[in-house]
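Accompanying notes for the structure given below.
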Amino acid sequence: MRDVTFSGAVATAYAAHRRGYPEPVVDLLVKTLGLPRSASVLDLGCGTGQLTVPLARHFSRVVGADPSADMLALARSGSPDAPAAWLLAGDADVARLPLLAGLDAVTIAQAIHLLDRPLLFRSLATSMSPRGRIAIIANGSPLWLRELDWSRALRAYLEEWLGAPVSSSCGTDAASRAGFRAELAAAGFPAAVEVSYDYTESHSLGRIAGNVCSALSPAQLPSSSSSFEDGLRAALGPGPFAEDVRVSILVAGRGDGPRR
């Protein structure tokens with residue numbers, strides 16, 4: 001996993017302000033995986049458990065893995081009764097840890113752009129069960145990359161504040177997802193389907209500020225959260241801010257691959 005630090009206040013902002021997964025999204029993911037309840041599932045780059053916890057209601061063995069101890073601590077404390085296991089591990093650990101051998105599914109959501117994907121996919125092809133599937137979930141686009149007035153204003157504000165462009169889609173754009181599909185096929189997962197779910201949500205100014213902070217490094221965090229939020233208010237207005245969200249789910253498997 002690339003050197004991106006999700007710790008301290010960044011991890012706290014992530015737990016509080018990153019959007020989760022509506023129940024219909026989780027149901028669609030489970031249906032597309034097409035696996036029985038007894039399947040074993042790894043949620044890789046699980047963060048604070050936004051996807052891990054609902055998946056644990058559908059499968060008997062679910063492990064959330066992340067290289068950040070702070071993120072995992074928040075995952076545990078946020079859902080202490082969730083029937084999931086938590087593992088301090090990144091993508092480089094998947095092939096060498098006996099605990100992870102024979103997995104039936106690996107889900108990767110907002111961390112896909114941080115992984116060494118070709119190496120990971122090749123490792124999974126040799127270590128997963130014969131019915132193994134890999135699911136890559138794009139939970140909407142970054143808030144600052146939408147073609148909406150408030151999103152354009154947010155992008156301009158952030159670029160001025162950071163002194164650099166903010167253009168990375170974090171793997172949520174169509175070209176990146178086509179690349180993921182090609183990488184999966186090359187590694188031995190050629191049977192792929194993609195499904196999506198659309199919904200609308202509304203953001204407060206505080207949630208937008210927290211979401212931005214959850215994507216920064218600890219060194220980039222504003223020294224004063226109130227002045228940062230005041231600057232956002234001046235640039236965007238008071239809110240609320242409506243957004244149409246598309247969750248895209250790409251699931252790839254071997255010959256008896258996923259289903260629509």
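Residue numbers start at 1 in each chain; chains themselves are named A, B, ... in the order of the structure tokens; ligands are numbered from 1 in the order shown.
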>> Can you pull out the residues contacting A:Ala73? Cut-off 12 Å, using only C-alpha atoms, and skip same-chain residues under 6 positions away; I want them as a list in words.
In response: Phe6, Ser7, Gly8, Ala11, Thr12, Ala15, Cys46, Gly47, Thr48, Gly49, Gly64, Ala65, Asp66, Pro67, Ser79, Pro80, Ala85, Trp86, Leu87 and Leu88 of chain A
Please write the residues from the selection above to a file, keeping N, CA, C and O atoms, as a PDB file, in the first residue's frame.
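out-v3.pdb written:
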```pdb
ATOM      1  N   PHE A   6      -3.181   7.487   7.265  1.00  0.00           N
ATOM      2  CA  PHE A   6      -4.495   7.723   7.835  1.00  0.00           C
ATOM      3  C   PHE A   6      -4.383   7.466   9.336  1.00  0.00           C
ATOM      4  O   PHE A   6      -4.580   6.343   9.802  1.00  0.00           O
ATOM      5  N   SER A   7      -4.018   8.503  10.070  1.00  0.00           N
ATOM      6  CA  SER A   7      -3.822   8.335  11.501  1.00  0.00           C
ATOM      7  C   SER A   7      -4.304   9.581  12.228  1.00  0.00           C
ATOM      8  O   SER A   7      -4.574  10.620  11.618  1.00  0.00           O
ATOM      9  N   GLY A   8      -4.428   9.458  13.555  1.00  0.00           N
ATOM     10  CA  GLY A   8      -4.785  10.599  14.375  1.00  0.00           C
ATOM     11  C   GLY A   8      -6.076  11.260  13.942  1.00  0.00           C
ATOM     12  O   GLY A   8      -7.109  10.622  13.721  1.00  0.00           O
ATOM     13  N   ALA A  11      -7.810   9.971  10.704  1.00  0.00           N
ATOM     14  CA  ALA A  11      -8.622   8.769  10.898  1.00  0.00           C
ATOM     15  C   ALA A  11      -9.947   9.110  11.582  1.00  0.00           C
ATOM     16  O   ALA A  11     -11.004   8.566  11.218  1.00  0.00           O
ATOM     17  N   THR A  12      -9.900  10.021  12.553  1.00  0.00           N
ATOM     18  CA  THR A  12     -11.126  10.422  13.237  1.00  0.00           C
ATOM     19  C   THR A  12     -12.098  11.089  12.272  1.00  0.00           C
ATOM     20  O   THR A  12     -13.314  10.822  12.293  1.00  0.00           O
ATOM     21  N   ALA A  15     -13.738   8.396  10.038  1.00  0.00           N
ATOM     22  CA  ALA A  15     -14.824   7.661  10.696  1.00  0.00           C
ATOM     23  C   ALA A  15     -16.091   8.496  10.789  1.00  0.00           C
ATOM     24  O   ALA A  15     -17.207   7.983  10.642  1.00  0.00           O
ATOM     25  N   CYS A  46      -9.867  -1.587   4.669  1.00  0.00           N
ATOM     26  CA  CYS A  46     -11.224  -1.438   5.213  1.00  0.00           C
ATOM     27  C   CYS A  46     -11.460  -0.110   5.913  1.00  0.00           C
ATOM     28  O   CYS A  46     -12.597   0.244   6.196  1.00  0.00           O
ATOM     29  N   GLY A  47     -10.384   0.627   6.227  1.00  0.00           N
ATOM     30  CA  GLY A  47     -10.572   1.888   6.923  1.00  0.00           C
ATOM     31  C   GLY A  47     -11.229   1.686   8.277  1.00  0.00           C
ATOM     32  O   GLY A  47     -10.821   0.835   9.063  1.00  0.00           O
ATOM     33  N   THR A  48     -12.281   2.441   8.529  1.00  0.00           N
ATOM     34  CA  THR A  48     -12.980   2.343   9.809  1.00  0.00           C
ATOM     35  C   THR A  48     -14.209   1.447   9.736  1.00  0.00           C
ATOM     36  O   THR A  48     -15.092   1.536  10.579  1.00  0.00           O
ATOM     37  N   GLY A  49     -14.253   0.597   8.714  1.00  0.00           N
ATOM     38  CA  GLY A  49     -15.256  -0.469   8.686  1.00  0.00           C
ATOM     39  C   GLY A  49     -16.574  -0.138   8.051  1.00  0.00           C
ATOM     40  O   GLY A  49     -17.559  -0.875   8.237  1.00  0.00           O
ATOM     41  N   GLY A  64     -11.756  -7.506   8.202  1.00  0.00           N
ATOM     42  CA  GLY A  64     -11.397  -6.185   7.720  1.00  0.00           C
ATOM     43  C   GLY A  64      -9.912  -5.972   7.942  1.00  0.00           C
ATOM     44  O   GLY A  64      -9.429  -6.107   9.069  1.00  0.00           O
ATOM     45  N   ALA A  65      -9.184  -5.654   6.888  1.00  0.00           N
ATOM     46  CA  ALA A  65      -7.735  -5.467   6.989  1.00  0.00           C
ATOM     47  C   ALA A  65      -7.355  -4.058   6.563  1.00  0.00           C
ATOM     48  O   ALA A  65      -7.856  -3.553   5.544  1.00  0.00           O
ATOM     49  N   ASP A  66      -6.465  -3.439   7.321  1.00  0.00           N
ATOM     50  CA  ASP A  66      -5.991  -2.094   7.004  1.00  0.00           C
ATOM     51  C   ASP A  66      -4.602  -1.915   7.609  1.00  0.00           C
ATOM     52  O   ASP A  66      -4.327  -2.463   8.691  1.00  0.00           O
ATOM     53  N   PRO A  67      -3.716  -1.155   6.946  1.00  0.00           N
ATOM     54  CA  PRO A  67      -2.381  -0.945   7.511  1.00  0.00           C
ATOM     55  C   PRO A  67      -2.315   0.138   8.582  1.00  0.00           C
ATOM     56  O   PRO A  67      -1.250   0.380   9.149  1.00  0.00           O
ATOM     57  N   SER A  79     -18.036  -0.265  16.159  1.00  0.00           N
ATOM     58  CA  SER A  79     -18.980  -1.385  16.024  1.00  0.00           C
ATOM     59  C   SER A  79     -18.479  -2.560  16.864  1.00  0.00           C
ATOM     60  O   SER A  79     -18.061  -3.592  16.323  1.00  0.00           O
ATOM     61  N   PRO A  80     -18.514  -2.413  18.190  1.00  0.00           N
ATOM     62  CA  PRO A  80     -17.919  -3.441  19.045  1.00  0.00           C
ATOM     63  C   PRO A  80     -18.602  -4.795  18.956  1.00  0.00           C
ATOM     64  O   PRO A  80     -17.991  -5.822  19.263  1.00  0.00           O
ATOM     65  N   ALA A  85     -13.713  -9.834  12.135  1.00  0.00           N
ATOM     66  CA  ALA A  85     -12.367  -9.810  12.694  1.00  0.00           C
ATOM     67  C   ALA A  85     -11.606  -8.654  12.051  1.00  0.00           C
ATOM     68  O   ALA A  85     -11.898  -8.256  10.920  1.00  0.00           O
ATOM     69  N   TRP A  86     -10.628  -8.113  12.782  1.00  0.00           N
ATOM     70  CA  TRP A  86      -9.867  -6.960  12.298  1.00  0.00           C
ATOM     71  C   TRP A  86      -8.391  -7.329  12.271  1.00  0.00           C
ATOM     72  O   TRP A  86      -7.874  -7.917  13.221  1.00  0.00           O
ATOM     73  N   LEU A  87      -7.732  -6.970  11.170  1.00  0.00           N
ATOM     74  CA  LEU A  87      -6.355  -7.406  10.941  1.00  0.00           C
ATOM     75  C   LEU A  87      -5.515  -6.217  10.480  1.00  0.00           C
ATOM     76  O   LEU A  87      -5.873  -5.526   9.521  1.00  0.00           O
ATOM     77  N   LEU A  88      -4.392  -5.995  11.162  1.00  0.00           N
ATOM     78  CA  LEU A  88      -3.454  -4.948  10.770  1.00  0.00           C
ATOM     79  C   LEU A  88      -2.595  -5.490   9.637  1.00  0.00           C
ATOM     80  O   LEU A  88      -1.633  -6.214   9.855  1.00  0.00           O
TER      81      LEU A  88
END
```
>> I want to know what sits within 12 Å of A:Ala82, based on only C-alpha atoms, with residues of the same chain fewer than 5 positions away left out; could you give that as a ChimeraX atom specification?
In response: /A:49-64,75-77
> Which residues come within 8 Å of stretch 147-164 of chain A, counting only C-alpha atoms, excluding same-chain residues fewer than 4 positions away, as a PyMOL selection string?
Replying inline: chain A and resi 143+232+235-236+241
Residues just named, written with N, CA and C atoms as a tab-separated table (two decimals), in the first residue's frame:
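The result, written out as again_19.tsv:
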```
chain	number	residue	atom	x	y	z
A	143	LEU	N	-15.82	14.60	-3.51
A	143	LEU	CA	-16.76	15.72	-3.45
A	143	LEU	C	-16.30	16.92	-4.27
A	232	LEU	N	-14.50	27.83	3.88
A	232	LEU	CA	-15.40	27.04	3.05
A	232	LEU	C	-16.77	27.70	2.93
A	235	ALA	N	-16.70	30.46	0.50
A	235	ALA	CA	-16.54	30.01	-0.88
A	235	ALA	C	-17.78	29.29	-1.40
A	236	LEU	N	-18.45	28.50	-0.55
A	236	LEU	CA	-19.53	27.63	-1.00
A	236	LEU	C	-20.91	28.14	-0.63
A	241	PHE	N	-25.87	20.96	0.68
A	241	PHE	CA	-25.36	20.75	-0.65
A	241	PHE	C	-25.80	19.37	-1.14
```
>> Which residues are close to A:Thr200, i.e. within 6 Å by only C-alpha atoms, leaving aside same-chain residues fewer than 6 positions away? Reply as a list in words.
In response: Glu243, Asp244 and Val245 of chain A
> Hey, what does DSSP flag as strand (DSSP E or B) within stretch 44-143 of chain A? Can you give it to me as a PyMOL selection string?
Replying inline: chain A and resi 44+61-66+85-88+105-108+133-139
> What lies within 9 Å of stretch 21-36 of chain A using only C-alpha atoms, ignoring chain neighbours under 6 positions off, as a PyMOL selection string?
Replying inline: chain A and resi 50-51+54-55+58-59+104-105+131+133-135+137+139+193-198+247+249-253+257-260
Restricting the output to N, CA, C and O atoms, write the selected residues as a compact mmCIF listing (two decimals), in the first residue's frame.
```
# COMPACT_ATOMS: atom_id res chain seq x y z
N GLN A 50 -16.65 0.93 7.23
CA GLN A 50 -17.93 1.31 6.64
C GLN A 50 -18.56 0.20 5.81
O GLN A 50 -19.78 0.06 5.78
N LEU A 51 -17.72 -0.59 5.13
CA LEU A 51 -18.25 -1.71 4.34
C LEU A 51 -18.13 -3.03 5.08
O LEU A 51 -18.98 -3.91 4.94
N PRO A 54 -21.37 -3.97 7.52
CA PRO A 54 -22.57 -4.53 6.88
C PRO A 54 -22.32 -5.85 6.16
O PRO A 54 -23.21 -6.71 6.11
N LEU A 55 -21.11 -6.07 5.62
CA LEU A 55 -20.82 -7.35 5.00
C LEU A 55 -20.87 -8.49 6.01
O LEU A 55 -21.27 -9.61 5.68
N HIS A 58 -23.90 -10.58 6.31
CA HIS A 58 -24.27 -11.44 5.18
C HIS A 58 -23.40 -12.68 5.03
O HIS A 58 -23.81 -13.64 4.38
N PHE A 59 -22.19 -12.66 5.61
CA PHE A 59 -21.27 -13.79 5.45
C PHE A 59 -20.73 -14.21 6.82
O PHE A 59 -20.58 -13.38 7.72
N ASP A 104 -12.84 -16.59 -0.39
CA ASP A 104 -13.84 -16.67 -1.46
C ASP A 104 -14.07 -15.32 -2.12
O ASP A 104 -14.48 -15.27 -3.28
N ALA A 105 -13.86 -14.24 -1.39
CA ALA A 105 -14.07 -12.90 -1.96
C ALA A 105 -13.14 -11.91 -1.28
O ALA A 105 -12.88 -12.00 -0.08
N ARG A 131 -13.65 -20.58 -6.35
CA ARG A 131 -14.79 -19.71 -6.65
C ARG A 131 -14.49 -18.25 -6.32
O ARG A 131 -15.39 -17.41 -6.25
N ARG A 133 -13.73 -14.39 -5.94
CA ARG A 133 -14.14 -13.18 -6.66
C ARG A 133 -13.44 -11.97 -6.02
O ARG A 133 -13.19 -11.95 -4.82
N ILE A 134 -13.18 -10.96 -6.84
CA ILE A 134 -12.66 -9.68 -6.38
C ILE A 134 -13.67 -8.61 -6.74
O ILE A 134 -14.10 -8.51 -7.89
N ALA A 135 -14.05 -7.81 -5.76
CA ALA A 135 -15.02 -6.73 -5.98
C ALA A 135 -14.35 -5.39 -5.72
O ALA A 135 -13.74 -5.19 -4.68
N ILE A 137 -15.24 -1.42 -5.48
CA ILE A 137 -16.41 -0.57 -5.29
C ILE A 137 -15.99 0.90 -5.31
O ILE A 137 -15.11 1.30 -4.54
N ASN A 139 -17.42 4.33 -4.39
CA ASN A 139 -18.53 4.88 -3.61
C ASN A 139 -18.72 6.37 -3.95
O ASN A 139 -18.52 7.26 -3.13
N VAL A 193 -18.44 -8.49 -14.22
CA VAL A 193 -19.67 -7.73 -14.44
C VAL A 193 -19.58 -6.45 -13.63
O VAL A 193 -18.86 -6.38 -12.62
N GLU A 194 -20.28 -5.43 -14.08
CA GLU A 194 -20.33 -4.17 -13.34
C GLU A 194 -21.78 -3.75 -13.19
O GLU A 194 -22.54 -3.75 -14.16
N VAL A 195 -22.16 -3.41 -11.97
CA VAL A 195 -23.50 -2.95 -11.67
C VAL A 195 -23.38 -1.64 -10.90
O VAL A 195 -22.31 -1.28 -10.41
N SER A 196 -24.49 -0.93 -10.79
CA SER A 196 -24.44 0.36 -10.09
C SER A 196 -25.75 0.62 -9.36
O SER A 196 -26.79 0.02 -9.65
N TYR A 197 -25.66 1.52 -8.40
CA TYR A 197 -26.83 1.95 -7.62
C TYR A 197 -26.74 3.46 -7.46
O TYR A 197 -25.69 4.00 -7.08
N ASP A 198 -27.83 4.17 -7.75
CA ASP A 198 -27.87 5.63 -7.67
C ASP A 198 -28.77 6.08 -6.53
O ASP A 198 -29.85 5.52 -6.32
N VAL A 247 -22.89 4.57 -6.98
CA VAL A 247 -21.98 3.55 -6.47
C VAL A 247 -21.81 2.50 -7.56
O VAL A 247 -22.79 1.87 -7.98
N ILE A 249 -20.03 -1.05 -8.82
CA ILE A 249 -19.50 -2.29 -8.25
C ILE A 249 -19.01 -3.17 -9.40
O ILE A 249 -19.79 -3.63 -10.22
N LEU A 250 -17.70 -3.37 -9.47
CA LEU A 250 -17.08 -4.24 -10.45
C LEU A 250 -16.68 -5.53 -9.75
O LEU A 250 -15.91 -5.50 -8.79
N VAL A 251 -17.22 -6.66 -10.19
CA VAL A 251 -16.91 -7.95 -9.59
C VAL A 251 -16.33 -8.86 -10.66
O VAL A 251 -16.94 -9.05 -11.72
N ALA A 252 -15.15 -9.42 -10.40
CA ALA A 252 -14.48 -10.30 -11.36
C ALA A 252 -14.15 -11.63 -10.70
O ALA A 252 -13.80 -11.69 -9.52
N GLY A 253 -14.30 -12.70 -11.48
CA GLY A 253 -14.00 -14.03 -10.99
C GLY A 253 -13.37 -14.88 -12.07
O GLY A 253 -13.01 -14.38 -13.14
N GLY A 257 -17.88 -17.06 -12.94
CA GLY A 257 -17.79 -15.74 -12.34
C GLY A 257 -19.06 -15.23 -11.73
O GLY A 257 -20.04 -15.94 -11.56
N PRO A 258 -19.06 -13.94 -11.38
CA PRO A 258 -20.19 -13.31 -10.71
C PRO A 258 -21.40 -13.24 -11.61
O PRO A 258 -21.33 -13.49 -12.81
N ARG A 259 -22.51 -12.85 -11.03
CA ARG A 259 -23.76 -12.79 -11.80
C ARG A 259 -24.41 -11.43 -11.63
O ARG A 259 -24.18 -10.74 -10.65
N ARG A 260 -25.23 -11.08 -12.60
CA ARG A 260 -25.99 -9.84 -12.49
C ARG A 260 -27.25 -10.08 -11.66
O ARG A 260 -27.78 -11.16 -11.65
```
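The closest residue to A:Gly239, picked from A:Ala39, A:Cys170, A:Leu115, A:Ile208 and counting only C-alpha atoms, is A:Ile208.
Restricting the calculation to only C-alpha atoms, the smallest distance between A:His17 and any of A:Val212, A:Leu97, A:Met128, A:Leu74 is found for A:Val212.
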>> If you run DSSP on the backbone here, which positions in stretch 171-248 of chain A get alpha helix (DSSP H)? Please write them as a PyMOL selection string.
In response: chain A and resi 174-187+205-213+225-236
> Pick the closest to A:Arg96 from A:Ala192, A:Leu120, A:Ala138, A:Leu205: which is it, counting only C-alpha atoms?
Replying inline: A:Leu120
What are the nearest atom pairs, with distances in Å to one decimal, for all residues of stretch 33-144 of chain A that come at most 8 Å from stretch 180-191 of chain A, using only C-alpha atoms, set out by chain and rising residue number as a tab-separated table?
```
residue	atom	partner	partner_atom	distance
A:Arg117	CA	A:Glu183	CA	7.5
A:Pro118	CA	A:Glu183	CA	6.2
A:Phe121	CA	A:Ala187	CA	5.8
A:Arg122	CA	A:Ala187	CA	5.0
A:Ala125	CA	A:Gly188	CA	6.1
A:Arg133	CA	A:Phe189	CA	7.7
```
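Counting only C-alpha atoms and comparing A:Asp43, A:Phe228, A:Pro218, A:Val166, the residue that lies closest to A:Leu100 is A:Asp43.
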